[in-house]
Amino acid sequence: MTGAIAVSAKAGMPLYGGEKAAERSARTADFLQANAILPDGSTSYQLTADGAPVKQPDGSLHSSVYADLFVVLGLAGAALGNAGDSRCPQWTATASRVLDSAASAYGPVPFVPSPIRCPKV
């Protein structure tokens, strides 16, 4: 989200805090890249404030593809909100690695739409 706010501010749509959003997204991307990525390319579900991974009740560090995809979105958003920053290629490469890891771990998942009932008018 902070990446989107930063992009909007840079595109001439002045949102309050656009520059701060870019700075926050960059700090978050640096933190995630340094601490959240596990050796297999998945992500640690929970980190302490100083970046140490926290084991889950089952003893693992990784919990789900959702955590992986949130990290991918954060890294991509930071790269978008800080276009031209020298760290962008590393953030996007890390995002690609995590995404590839998730794809290989879970394989193709069929899309099944939710049966949403629309009221008759």
# chains A, B, ... in the order shown; residues from 1 in each chain; ligands from 1
>>> residues_around(residues="Ala36 (chain A)", least_positions_apart="5", cutoff="9 Å", atoms="only C-alpha atoms", output="PyMOL selection string")
chain A and resi 31+42-47+51-53+71
>>> write_last_selection(atoms="C-alpha atoms", output="PDB file, in the first residue's frame")
ATOM      1  CA  PHE A  31      13.884  -5.482   6.303  1.00  0.00           C
ATOM      2  CA  SER A  42       9.651 -19.246   1.077  1.00  0.00           C
ATOM      3  CA  THR A  43       9.202 -16.697   3.849  1.00  0.00           C
ATOM      4  CA  SER A  44       9.212 -16.712   7.608  1.00  0.00           C
ATOM      5  CA  TYR A  45       5.674 -16.082   8.795  1.00  0.00           C
ATOM      6  CA  GLN A  46       6.630 -14.007  11.816  1.00  0.00           C
ATOM      7  CA  LEU A  47       9.666 -11.901  12.722  1.00  0.00           C
ATOM      8  CA  GLY A  51      14.296  -9.426  12.392  1.00  0.00           C
ATOM      9  CA  ALA A  52      14.702 -12.792  14.117  1.00  0.00           C
ATOM     10  CA  PRO A  53      12.340 -15.471  12.748  1.00  0.00           C
ATOM     11  CA  VAL A  71       6.149 -10.382   0.867  1.00  0.00           C
TER      12      VAL A  71
END
>>> select_by_dssp(residues="region 32-104 of chain A", states="strand (DSSP E or B)", output="number ranges by chain")
A: 37, 43, 47, 53
>>> write_last_selection(atoms="N, CA and C atoms", output="PDB file, in the first residue's frame")
ATOM      1  N   ILE A  37      13.249 -13.958   4.150  1.00  0.00           N
ATOM      2  CA  ILE A  37      13.399 -14.976   3.110  1.00  0.00           C
ATOM      3  C   ILE A  37      14.173 -16.176   3.660  1.00  0.00           C
ATOM      4  N   THR A  43       8.975 -17.770   2.881  1.00  0.00           N
ATOM      5  CA  THR A  43       9.202 -16.697   3.849  1.00  0.00           C
ATOM      6  C   THR A  43       8.860 -17.132   5.263  1.00  0.00           C
ATOM      7  N   LEU A  47       8.335 -12.380  12.349  1.00  0.00           N
ATOM      8  CA  LEU A  47       9.666 -11.901  12.722  1.00  0.00           C
ATOM      9  C   LEU A  47       9.544 -11.028  13.963  1.00  0.00           C
ATOM     10  N   PRO A  53      13.529 -14.665  13.049  1.00  0.00           N
ATOM     11  CA  PRO A  53      12.340 -15.471  12.748  1.00  0.00           C
ATOM     12  C   PRO A  53      11.770 -16.107  14.016  1.00  0.00           C
TER      13      PRO A  53
END
>>> atom_distance(atom1="CA of Ala29 (chain A)", atom2="CA of Leu75 (chain A)")
5.3 Å
>>> closest_residue(among="A:Asp100, A:Pro108, A:Leu38, A:Gly84", to="Ser63 (chain A)", atoms="only C-alpha atoms")
A:Leu38
>>> atom_distance(atom1="CA of Leu69 (chain A)", atom2="CA of Glu23 (chain A)")
21.3 Å
>>> closest_residue(among="A:Ala26, A:Ala102, A:Val54, A:Ala21", to="Phe70 (chain A)", atoms="only C-alpha atoms")
A:Ala102
>>> residues_around(residues="Ala76 (chain A)", least_positions_apart="4", cutoff="8 Å", atoms="only C-alpha atoms", output="PyMOL selection string")
chain A and resi 72+80+91-92+95
>>> closest_residue(among="A:Gln90, A:Gln56, A:Asn82, A:Gln33", to="Lys20 (chain A)", atoms="only C-alpha atoms")
A:Asn82
